[in-house]
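What follows is the content of query-v1.cif, which has mmCIF, C-alpha atoms:
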```
data_input
#
loop_
_atom_site.label_atom_id
_atom_site.label_comp_id
_atom_site.auth_asym_id
_atom_site.auth_seq_id
_atom_site.Cartn_x
_atom_site.Cartn_y
_atom_site.Cartn_z
CA MET D 11 101.26 62.98 303.96
CA PRO D 12 97.88 63.90 305.46
CA ARG D 13 96.14 60.93 306.97
CA SER D 14 93.05 61.24 304.78
CA ILE D 15 95.18 61.10 301.64
CA ALA D 16 97.13 58.14 302.98
CA ILE D 17 93.88 56.33 303.72
CA GLY D 18 92.59 57.16 300.27
CA VAL D 19 95.70 55.71 298.67
CA LEU D 20 95.29 52.61 300.77
CA VAL D 21 91.69 52.17 299.68
CA ILE D 22 92.74 52.34 296.06
CA ALA D 23 95.43 49.75 296.73
CA VAL D 24 93.03 47.48 298.58
CA VAL D 25 90.38 47.74 295.89
CA ALA D 26 92.97 47.01 293.22
CA LEU D 27 94.06 43.98 295.24
CA PHE D 28 90.52 42.66 295.36
CA LEU D 29 90.02 43.21 291.68
CA TYR D 30 93.13 41.21 291.05
CA ARG D 31 92.17 38.55 293.54
CA PHE D 32 88.59 38.00 292.43
CA GLY D 33 88.95 38.90 288.76
CA SER D 34 85.87 41.05 288.81
CA PRO D 35 85.51 44.66 287.91
CA LEU D 36 84.38 46.78 290.77
CA ALA D 37 81.60 48.34 288.85
CA GLN D 38 79.31 49.67 291.44
CA SER D 39 78.55 50.19 295.05
CA SER D 40 75.50 51.09 297.02
CA GLY D 41 73.09 51.04 294.15
CA MET D 42 75.35 52.73 291.66
CA ARG D 43 74.43 51.36 288.27
CA GLY D 44 77.67 50.17 286.80
CA ALA D 45 78.94 51.26 283.45
CA LEU D 46 81.64 48.64 283.44
CA GLN D 47 79.93 45.34 284.10
CA SER D 48 81.64 42.63 282.17
CA ALA D 49 79.98 39.69 280.46
CA ASN D 50 82.78 37.47 281.76
CA GLU D 51 82.65 38.37 285.41
CA PRO D 52 82.33 35.39 287.75
CA ASN D 53 79.01 34.58 289.30
CA LEU D 54 79.91 34.12 292.92
CA GLN D 55 77.48 32.15 295.01
CA ALA D 56 76.82 34.50 297.90
CA ALA D 57 77.65 37.86 299.29
CA ARG D 58 80.57 37.86 301.69
CA GLU D 59 82.77 40.17 303.62
CA VAL D 60 86.52 40.02 303.60
CA SER D 61 88.97 42.23 305.42
CA VAL D 62 92.60 43.14 305.43
CA VAL D 63 94.82 45.19 307.67
CA ALA D 64 97.04 47.72 305.99
CA GLU D 65 99.84 49.77 307.46
CA TYR D 66 100.83 53.25 306.53
CA LYS D 67 103.42 55.57 307.92
CA THR D 68 102.61 58.97 309.31
CA PRO D 69 105.19 61.60 310.29
CA LYS D 70 104.89 60.44 313.90
CA SER D 71 104.21 56.73 313.75
CA THR D 72 102.95 53.79 311.79
CA ASP D 73 99.19 53.39 311.79
CA LYS D 74 97.14 50.36 310.91
CA VAL D 75 93.73 50.45 309.28
CA ARG D 76 91.42 47.51 308.72
CA PHE D 77 89.42 47.55 305.51
CA ALA D 78 86.30 45.43 305.36
CA VAL D 79 84.98 44.92 301.85
CA THR D 80 81.57 43.39 301.18
CA ILE D 81 81.32 41.60 297.86
CA ASP D 82 77.90 40.79 296.45
CA SER D 83 76.91 37.62 294.62
CA ASN D 84 77.94 39.11 291.29
CA GLY D 85 81.42 39.90 292.49
CA ALA D 86 80.87 43.63 292.72
CA ILE D 87 82.05 45.42 295.81
CA GLU D 88 79.00 46.48 297.73
CA ALA D 89 80.56 48.39 300.59
CA VAL D 90 83.88 49.41 301.98
CA ARG D 91 84.29 50.04 305.69
CA THR D 92 87.34 51.12 307.58
CA THR D 93 88.24 50.50 311.18
CA ASP D 94 91.23 51.94 312.95
CA VAL D 95 92.92 48.84 314.28
CA LEU D 96 94.97 50.72 316.83
CA LYS D 97 91.86 52.16 318.39
CA GLY D 98 89.72 49.06 318.20
CA ASP D 99 86.33 48.89 316.57
CA ALA D 100 85.23 52.24 317.92
CA ALA D 101 86.10 54.16 314.79
CA THR D 102 86.65 57.85 315.01
CA GLU D 103 84.14 60.20 313.49
CA LYS D 104 86.64 60.92 310.78
CA LEU D 105 86.91 57.30 309.83
CA GLN D 106 83.16 56.93 309.96
CA ALA D 107 82.77 59.85 307.61
CA PHE D 108 85.40 58.41 305.37
CA SER D 109 83.88 54.96 305.25
CA GLN D 110 80.44 56.35 304.45
CA GLU D 111 81.72 57.60 301.15
CA LEU D 112 83.11 55.41 298.41
CA LEU D 113 86.31 56.39 296.72
CA VAL D 114 86.14 55.96 292.96
CA VAL D 115 88.05 57.00 289.90
CA ILE D 116 85.79 58.22 287.13
CA ARG D 117 86.89 57.63 283.58
CA GLY D 118 84.05 59.48 281.91
CA LYS D 119 82.45 58.98 278.54
CA LYS D 120 82.21 61.29 275.55
CA LEU D 121 78.98 63.25 275.61
CA SER D 122 78.55 62.45 271.95
CA GLU D 123 78.24 58.76 272.87
CA LEU D 124 75.27 59.31 275.14
CA ASN D 125 71.74 58.82 273.93
CA SER D 126 68.50 60.28 275.21
CA VAL D 127 70.02 62.85 277.51
CA ASP D 128 67.74 65.81 278.11
CA ARG D 129 70.26 68.28 279.47
CA ILE D 130 73.85 68.56 280.69
CA GLY D 131 74.48 69.45 284.31
CA LYS D 132 77.56 71.64 284.60
CA SER D 133 79.17 74.57 286.24
CA SER D 134 77.84 77.87 284.92
CA LEU D 135 79.51 79.16 281.82
CA THR D 136 81.63 82.20 282.27
CA THR D 137 79.87 85.47 281.61
CA ALA D 138 80.55 87.68 278.61
CA ALA D 139 82.10 90.26 280.93
CA PHE D 140 84.44 87.68 282.41
CA ASN D 141 85.51 86.42 279.02
CA ALA D 142 86.03 89.95 277.77
CA ALA D 143 88.33 90.64 280.70
CA LEU D 144 90.63 87.69 280.11
CA PRO D 145 92.55 89.12 277.09
CA ASN D 146 93.34 92.16 279.18
CA LEU D 147 94.59 89.94 281.93
CA LYS D 148 96.79 87.93 279.60
CA ALA D 149 98.23 91.11 278.16
CA GLN D 150 99.45 92.03 281.62
CA LEU D 151 101.30 88.77 282.15
CA MET W 20 69.30 61.94 268.81
CA THR W 21 72.77 62.45 270.27
CA VAL W 22 73.52 64.50 273.32
CA MET W 23 70.18 66.18 273.62
CA ASP W 24 66.84 65.83 272.01
CA LYS W 25 66.88 68.44 269.28
CA LYS W 26 63.11 68.31 269.00
CA ARG W 27 62.76 69.77 272.46
CA ALA W 28 64.25 73.24 272.07
CA GLY W 29 62.60 74.75 275.10
CA PHE W 30 62.43 78.35 276.22
CA THR W 31 65.92 79.84 276.44
CA PHE W 32 67.10 83.15 277.81
CA GLU W 33 69.94 84.73 279.76
CA GLY W 34 69.66 85.74 283.38
CA ILE W 35 71.84 86.23 286.49
CA GLY W 36 74.91 85.90 284.31
CA THR W 37 74.12 82.53 282.78
CA LYS W 38 72.04 80.76 280.15
CA TRP W 39 68.70 79.26 281.07
CA CYS W 40 66.55 76.68 279.34
CA ILE W 41 63.10 75.53 280.38
CA LEU W 42 61.84 72.30 278.86
CA THR W 43 58.23 71.24 279.10
CA ASP W 44 56.83 67.84 278.33
CA GLY W 45 53.46 68.77 276.92
CA ALA W 46 52.15 72.24 276.23
CA PRO W 47 54.87 74.85 275.65
CA LEU W 48 55.21 77.69 278.11
CA SER W 49 52.52 80.30 277.68
CA GLU W 50 53.49 83.85 276.87
CA ASP W 51 52.34 84.97 280.30
CA ALA W 52 54.48 82.34 282.00
CA ARG W 53 57.51 83.39 279.97
CA ILE W 54 57.01 87.03 280.90
CA SER W 55 56.68 86.14 284.57
CA VAL W 56 59.82 84.00 284.51
CA LEU W 57 61.86 86.72 282.81
CA ALA W 58 60.58 89.33 285.24
CA HIS W 59 61.44 87.17 288.22
CA VAL W 60 64.96 86.28 287.10
CA GLY W 61 65.64 89.89 286.12
CA SER W 62 64.42 91.13 289.46
CA PHE W 63 66.48 88.53 291.32
CA ASN W 64 69.60 89.72 289.52
CA GLU W 65 68.90 93.38 290.29
CA ARG W 66 68.29 92.63 293.94
CA PHE W 67 71.15 90.26 294.67
CA SER W 68 73.94 90.60 292.09
CA ARG W 69 77.26 91.53 293.65
CA PHE W 70 78.12 93.35 290.43
CA LEU W 71 75.28 95.86 290.74
CA PHE W 72 75.95 98.56 293.30
CA SER W 73 72.24 99.17 293.72
CA SER W 74 71.63 95.59 294.88
CA GLU W 75 70.86 94.57 298.43
CA THR W 76 74.03 92.46 298.60
CA CYS W 77 76.04 95.63 297.91
CA ALA W 78 74.00 97.87 300.20
CA PHE W 79 76.44 97.48 303.07
CA ARG W 80 79.72 98.01 301.22
CA ASN W 81 80.17 101.41 302.86
CA ALA W 82 78.03 100.86 305.92
CA ALA W 83 79.12 101.62 309.46
CA ALA W 84 78.91 98.98 312.16
CA GLY W 85 75.34 98.58 313.32
CA THR W 86 72.06 96.78 312.85
CA TYR W 87 70.05 97.18 309.67
CA PRO W 88 66.74 95.78 308.39
CA VAL W 89 66.87 93.58 305.31
CA SER W 90 64.18 92.24 303.00
CA ASP W 91 62.38 88.99 303.74
CA GLU W 92 64.03 87.27 300.82
CA PHE W 93 67.53 88.47 301.66
CA ALA W 94 66.97 87.37 305.24
CA LYS W 95 65.95 83.95 303.97
CA LEU W 96 69.12 83.68 301.89
CA LEU W 97 71.35 84.95 304.70
CA SER W 98 69.73 82.56 307.14
CA ARG W 99 70.59 79.64 304.90
CA ALA W 100 74.09 81.06 304.43
CA ASP W 101 74.46 81.27 308.20
CA GLU W 102 73.58 77.58 308.50
CA LEU W 103 76.17 76.69 305.87
CA ARG W 104 78.71 78.91 307.62
CA ARG W 105 78.17 76.91 310.81
CA LEU W 106 78.37 73.53 309.05
CA THR W 107 81.60 74.42 307.25
CA GLY W 108 83.36 75.96 310.22
CA GLY W 109 83.16 79.41 308.69
CA ARG W 110 84.54 78.56 305.28
CA TYR W 111 81.27 79.16 303.48
CA ASP W 112 80.54 82.80 304.18
CA PRO W 113 78.74 85.22 301.87
CA ALA W 114 80.83 88.03 303.34
CA VAL W 115 83.59 86.73 301.06
CA GLY W 116 82.48 89.26 298.42
CA GLY W 117 85.11 91.75 299.50
CA LEU W 118 87.88 89.18 299.11
CA LEU W 119 86.71 88.29 295.61
CA GLU W 120 86.81 91.98 294.72
CA GLU W 121 90.34 92.27 296.12
CA ALA W 122 91.29 89.27 293.99
CA GLY W 123 90.07 91.11 290.91
CA TYR W 124 86.65 89.52 290.48
CA ASP W 125 84.89 92.83 290.85
CA ALA W 126 82.12 94.70 289.08
CA ALA W 127 84.57 96.02 286.49
CA HIS W 128 86.05 92.54 286.05
CA SER W 129 89.52 93.95 286.47
CA MET W 130 90.84 90.41 287.07
CA THR W 131 93.93 91.89 288.64
CA PRO W 132 94.56 90.71 292.19
CA ARG W 133 95.36 93.53 294.57
CA GLN W 134 97.70 93.36 297.50
CA GLY W 135 94.76 93.61 299.85
CA THR W 136 93.96 89.93 299.49
CA ALA W 137 96.64 88.95 301.98
CA GLN W 138 95.31 91.38 304.58
CA PHE W 139 91.63 90.71 303.98
CA VAL W 140 89.70 90.24 307.19
CA LEU W 141 86.35 88.56 306.85
CA PRO W 142 83.66 90.96 308.09
CA ALA W 143 81.58 89.68 310.98
CA TRP W 144 77.81 89.56 310.62
CA SER W 145 74.83 88.02 312.33
CA LEU W 146 71.16 87.78 311.58
CA MET W 147 68.19 87.91 313.90
CA GLY W 148 64.96 87.62 311.95
CA ARG W 149 65.18 90.47 309.46
CA GLU W 150 67.78 92.39 311.46
CA LEU W 151 71.30 92.21 310.09
CA THR W 152 74.14 93.23 312.39
CA ILE W 153 77.55 93.99 310.89
CA ASP W 154 80.84 95.16 312.33
CA GLY W 155 81.61 97.41 309.39
CA PRO W 156 81.52 97.46 305.59
CA VAL W 157 80.68 94.14 303.99
CA VAL W 158 80.04 92.97 300.43
CA PHE W 159 77.86 89.90 300.30
CA ASP W 160 78.19 87.29 297.58
CA ILE W 161 75.40 84.74 297.54
CA GLY W 162 77.07 82.71 294.81
CA GLY W 163 76.76 79.09 295.76
CA ILE W 164 73.23 79.36 297.07
CA GLY W 165 71.46 82.04 295.03
CA LYS W 166 71.03 80.29 291.73
CA GLY W 167 69.45 77.19 293.19
CA TYR W 168 67.04 79.37 295.11
CA CYS W 169 66.15 81.26 291.94
CA ILE W 170 65.63 78.02 289.99
CA ASP W 171 63.11 76.81 292.57
CA ARG W 172 61.27 80.13 292.39
CA VAL W 173 61.05 79.76 288.61
CA ALA W 174 59.67 76.25 289.10
CA GLY W 175 57.06 77.78 291.39
CA ILE W 176 56.04 80.19 288.65
CA LEU W 177 55.61 77.32 286.21
CA GLU W 178 53.37 75.56 288.72
CA GLN W 179 51.29 78.71 289.08
CA TYR W 180 50.69 78.64 285.34
CA GLY W 181 49.56 75.04 285.46
CA HIS W 182 52.69 73.30 284.21
CA ARG W 183 53.34 69.94 285.84
CA HIS W 184 55.97 68.34 283.60
CA TYR W 185 59.05 70.50 283.15
CA LEU W 186 62.79 70.89 283.64
CA VAL W 187 64.28 74.23 284.64
CA ASP W 188 67.96 74.48 283.69
CA GLY W 189 69.64 77.55 285.16
CA GLY W 190 73.11 77.41 283.67
CA GLY W 191 73.70 73.76 284.50
CA ASP W 192 71.87 73.56 287.83
CA MET W 193 68.32 72.27 287.51
CA TYR W 194 64.99 71.29 288.94
CA GLY W 195 62.92 68.68 287.15
CA THR W 196 59.52 67.14 287.76
CA LYS W 197 58.56 63.90 286.06
CA LYS W 198 57.69 63.71 282.38
CA ARG W 199 54.07 63.15 281.35
CA GLY W 200 54.45 59.39 281.32
CA GLY W 201 56.09 59.40 284.72
CA GLU W 202 59.61 59.04 283.34
CA ALA W 203 62.57 60.89 284.77
CA TRP W 204 64.55 63.62 283.06
CA HIS W 205 68.01 62.34 282.11
CA VAL W 206 70.83 64.71 282.95
CA ALA W 207 74.44 64.09 281.98
CA LEU W 208 77.10 65.32 284.40
CA GLU W 209 79.90 67.25 282.80
CA TYR W 210 83.30 66.03 283.93
CA PRO W 211 85.06 68.92 285.69
CA GLY W 212 87.29 70.68 283.22
CA LYS W 213 86.28 68.47 280.28
CA SER W 214 83.36 70.00 278.48
CA ASP W 215 83.10 67.10 276.00
CA THR W 216 83.02 64.38 278.63
CA ALA W 217 80.32 63.08 280.93
CA ALA W 218 81.22 61.71 284.35
CA GLY W 219 77.83 60.03 284.57
CA VAL W 220 74.10 60.41 284.16
CA VAL W 221 71.44 61.04 286.78
CA GLU W 222 67.68 60.77 286.59
CA LEU W 223 65.68 63.65 287.99
CA GLU W 224 62.20 63.04 289.31
CA ASP W 225 60.83 65.94 291.33
CA GLN W 226 64.41 66.74 292.31
CA GLY W 227 67.02 69.40 291.95
CA ILE W 228 70.62 69.01 290.88
CA ALA W 229 73.59 71.32 291.25
CA VAL W 230 76.93 70.94 289.53
CA SER W 231 79.94 73.06 290.33
CA ASP W 232 83.57 73.06 289.32
CA SER W 233 86.54 75.32 289.68
CA PHE W 234 87.77 75.15 286.10
CA ARG W 235 85.54 77.90 284.83
CA ARG W 236 86.01 81.46 285.98
CA ARG W 237 89.75 81.15 286.57
CA TRP W 238 92.13 84.07 286.35
CA ASP W 239 95.70 84.65 287.49
CA THR W 240 96.14 82.17 290.35
CA TRP W 241 92.50 82.49 291.39
CA HIS W 242 89.11 81.02 290.72
CA HIS W 243 85.72 81.91 292.10
CA ILE W 244 85.47 79.39 294.98
CA VAL W 245 87.55 80.82 297.75
CA ASP W 246 88.38 79.85 301.32
CA PRO W 247 87.85 83.15 303.14
CA LEU W 248 89.85 82.02 306.16
CA LEU W 249 92.96 81.06 304.18
CA ARG W 250 92.31 83.77 301.55
CA THR W 251 93.07 81.31 298.78
CA PRO W 252 91.05 79.46 296.15
CA ILE W 253 90.04 75.89 296.93
CA GLU W 254 92.17 73.32 295.10
CA ARG W 255 91.73 70.06 297.00
CA VAL W 256 88.21 69.78 295.56
CA VAL W 257 87.74 70.58 291.87
CA GLY W 258 84.10 69.65 291.38
CA ALA W 259 80.92 68.66 293.16
CA VAL W 260 77.50 67.33 292.22
CA ALA W 261 74.46 67.06 294.46
CA VAL W 262 70.95 65.75 293.89
CA ALA W 263 68.33 66.76 296.42
CA LYS W 264 64.64 67.48 296.85
CA ASN W 265 65.04 70.87 295.19
CA ALA W 266 67.66 72.95 293.41
CA TRP W 267 68.32 75.22 296.39
CA THR W 268 69.24 72.32 298.65
CA ALA W 269 71.43 70.82 295.95
CA ASP W 270 73.16 74.15 295.38
CA CYS W 271 73.86 74.53 299.08
CA VAL W 272 75.32 71.03 299.25
CA THR W 273 77.78 71.56 296.41
CA SER W 274 78.99 74.74 298.07
CA ALA W 275 79.39 72.95 301.37
CA LEU W 276 81.25 70.09 299.71
CA PHE W 277 83.81 72.48 298.27
CA LEU W 278 84.32 74.26 301.56
CA SER W 279 84.23 71.46 304.12
CA ASP W 280 86.42 68.70 305.45
CA GLU W 281 85.39 65.07 305.23
CA GLU W 282 84.60 64.94 308.93
CA GLN W 283 82.08 67.76 308.47
CA ARG W 284 80.14 65.90 305.80
CA PRO W 285 77.94 63.78 308.08
CA ALA W 286 76.51 66.92 309.67
CA ILE W 287 76.02 68.48 306.26
CA ALA W 288 74.23 65.36 305.05
CA ARG W 289 71.94 65.45 308.08
CA SER W 290 71.03 69.10 307.51
CA PHE W 291 70.71 68.80 303.74
CA PRO W 292 69.67 65.28 302.69
CA SER W 293 71.13 64.59 299.28
CA GLU W 294 73.13 62.29 297.06
CA PHE W 295 76.49 63.72 296.21
CA LEU W 296 79.73 63.30 294.33
CA VAL W 297 82.98 65.11 295.07
CA PHE W 298 85.77 65.38 292.51
CA ARG W 299 89.07 65.83 294.28
CA GLY W 300 92.22 67.48 293.09
CA ASP W 301 94.04 64.11 293.11
CA GLU W 302 91.76 62.84 290.29
CA THR W 303 89.78 60.57 292.58
CA ALA W 304 86.17 61.12 293.57
CA ARG W 305 84.07 60.41 296.62
CA VAL W 306 80.51 59.20 296.23
CA SER W 307 77.84 59.29 298.90
CA PRO W 308 76.58 55.81 299.81
CA ASN W 309 73.06 56.63 298.60
CA TRP W 310 74.13 57.74 295.12
CA SER W 311 71.67 56.34 292.58
CA GLY W 312 72.97 57.82 289.35
CA GLU W 313 75.19 56.16 286.81
CA LEU W 314 78.92 56.85 286.85
CA PHE W 315 81.41 56.00 284.14
CA LEU W 316 84.11 54.49 286.28
CA SER W 317 87.70 53.62 285.57
CA ARG W 318 88.25 49.88 285.46
CA SER W 319 91.74 50.10 286.93
CA THR W 320 90.74 51.48 290.28
CA SER W 321 87.03 51.00 290.79
#
```
Can the structure from this file be put into structure tokens for me?
Amino acid sequence: MPRSIAIGVLVIAVVALFLYRFGSPLAQSSGMRGALQSANEPNLQAAREVSVVAEYKTPKSTDKVRFAVTIDSNGAIEAVRTTDVLKGDAATEKLQAFSQELLVVIRGKKLSELNSVDRIGKSSLTTAAFNAALPNLKAQL
Amino acid sequence: MTVMDKKRAGFTFEGIGTKWCILTDGAPLSEDARISVLAHVGSFNERFSRFLFSSETCAFRNAAAGTYPVSDEFAKLLSRADELRRLTGGRYDPAVGGLLEEAGYDAAHSMTPRQGTAQFVLPAWSLMGRELTIDGPVVFDIGGIGKGYCIDRVAGILEQYGHRHYLVDGGGDMYGTKKRGGEAWHVALEYPGKSDTAAGVVELEDQGIAVSDSFRRRWDTWHHIVDPLLRTPIERVVGAVAVAKNAWTADCVTSALFLSDEEQRPAIARSFPSEFLVFRGDETARVSPNWSGELFLSRSTS
């Protein structure tokens, strides 16, 4: 399993662990306005940082990665950092790049449920020529 | 009012193979402005479409190795492409046009991959000012950077005609100023591959946005975003969104996100400041730390 994928899986596991531990939906990070904030989420007193070391196996060895998760006063995860334990606190550029981005799973919402949207950002529609060519392609299959 | 404000129909037309819509908050576009916009988009298509053999991007398809002059605008586009080529380790390269043709995405839209895809060798090219040097025939495809550039030029036309509050939507990529009251334009982000679903909503204020996914324009085992070094379509990333100071920057970022590794992203972010979102093939997404838009997240993992 590529290391980046393994790390990604670990982040999901760690985030799930924190959700379970603190009973708070991870709704947002770094200014992301959450769509999932719950009325019942706990009001924690102060921001704090917690960390955990996770192990994962690579084809050649077993690596350890430390995840540091900052939780704000509302219980939302504010930041996730990773540090390669085996290499100390001097994280590799790859880990730095990884930790600068937040891994999320997007559920989505029906467009019909949205109000006051001016336009929809999307990949360009296929052209008429492209669409016209597809039946010919299917006929060859 | 549901998905979009029906009262604001805007000026719609087709150009460079996609549907455009220009919204104004205030006076509608004048007839002169509309004519200028149509002329510009039409001209852009004629000059740079890979599907038109008379275009500048196709001018070198039978050319011998050598150095050739190109237009100012093509040089500007190739210069930007060269920067993206460097940032992505060669995986963004407009010389990929020949590979797309081999894969069947050609002017005739044959959509039948030929055996030449496996043997395709990316033509070498370099640019010095307006002098293009090639090592042989090359078909350029400026998909991934051209539309954003064109959107910004259209915005420039609107400014020339005195418009200050508008949104230019070029087939899903956009540039928007503020509305008259200073409010932002609200743009929903289509979830890759799910045309009825929004992944989130962003607010545009004097900013551009680009949205790209690999679910449209698929045929056989191919789609239109191709790694020219591996000669295969990109599958590990299935969608990308970028918000930047203009549409061209945003367009460049989404292309780079598709064709780069995670360790290349810091350099990309330094060259092209933006907020971005990457949809991966494993159904997770990566969000830049400065992302300010709303995302509709899954409770189970986020």
As a check of understanding: the span from atom CA of W:Thr216 to atom CA of W:Gly312 is 16.1 Å
Query - Test item: the PyMOL selection byres ((chain W and resi 109-124) around 8) resolved as a PyMOL selection string - result: chain W and resi 69+97+100-101+103-108+125-136+139+141-143+157-162+241+243+245-248+250+274-275+278-279
| message | Once the PyMOL selection byres ((chain W and resi 257-264) around 8) is applied to the coordinates I shared, what remains selected? I want it as a ChimeraX atom specification. | response | /W:211,225-234,253-256,265-266,268-270,272-273,276-277,291-300
Using the chain letters and numbering of this document, enumerate as a compact mmCIF listing (two decimals) with C-alpha atoms, in the coordinates of the input the residues selected by the PyMOL selection byres ((chain W and resi 310) around 7).
```txt
# COMPACT_ATOMS: atom_id res chain seq x y z
CA GLY D 41 73.09 51.04 294.15
CA MET D 42 75.35 52.73 291.66
CA GLU W 294 73.13 62.29 297.06
CA PHE W 295 76.49 63.72 296.21
CA VAL W 306 80.51 59.20 296.23
CA SER W 307 77.84 59.29 298.90
CA PRO W 308 76.58 55.81 299.81
CA ASN W 309 73.06 56.63 298.60
CA SER W 311 71.67 56.34 292.58
CA GLY W 312 72.97 57.82 289.35
```
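Atom to atom, atom CA of W:Val60 and atom CA of W:Gly195 stand 17.7 Å apart.
Restricting the calculation to all atoms listed in the file, the smallest distance between chain D and any of W:Gly212, W:Pro252, W:Gly155, W:Gly200 is found for W:Gly212.
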Atom CA of W:Asp154 to atom CA of W:Phe63 measures 26.3 Å
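The environment of W:Tyr180 within 9 Å, counting all atoms listed in the file and disregarding residues fewer than 6 places along the same chain, consists of Leu48, Ser49, Asp51 and Ala52 of chain W.
Omitting W:Trp204 and its sequence neighbours fewer than 6 positions away, and counting all atoms listed in the file, the residues within 8 Å are D:Val127, D:Asp128, W:Leu186, W:Gly195, W:Thr196, W:Lys197, W:Lys198, W:Glu222, W:Leu223, W:Glu224.
Distances here use all atoms listed in the file; by that measure, the residue among W:Leu71, W:Val206, W:Ala137, W:Leu57 closest to chain D is W:Val206.
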If you count all atoms listed in the file, the residue of W:Ile170, W:Val56, W:Ala203, W:Cys271 closest to chain D turns out to be W:Ala203
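Take the candidates W:Ala78, W:Ile244, W:Leu249, W:Met193 and check each one against chain D using only C-alpha atoms; the shortest distance goes to W:Met193.
For the residues W:Arg80, W:Lys213, W:His184, W:Lys166, ranking by smallest atom-to-atom distance to W:Leu96 using all atoms listed in the file places W:Lys166 first.
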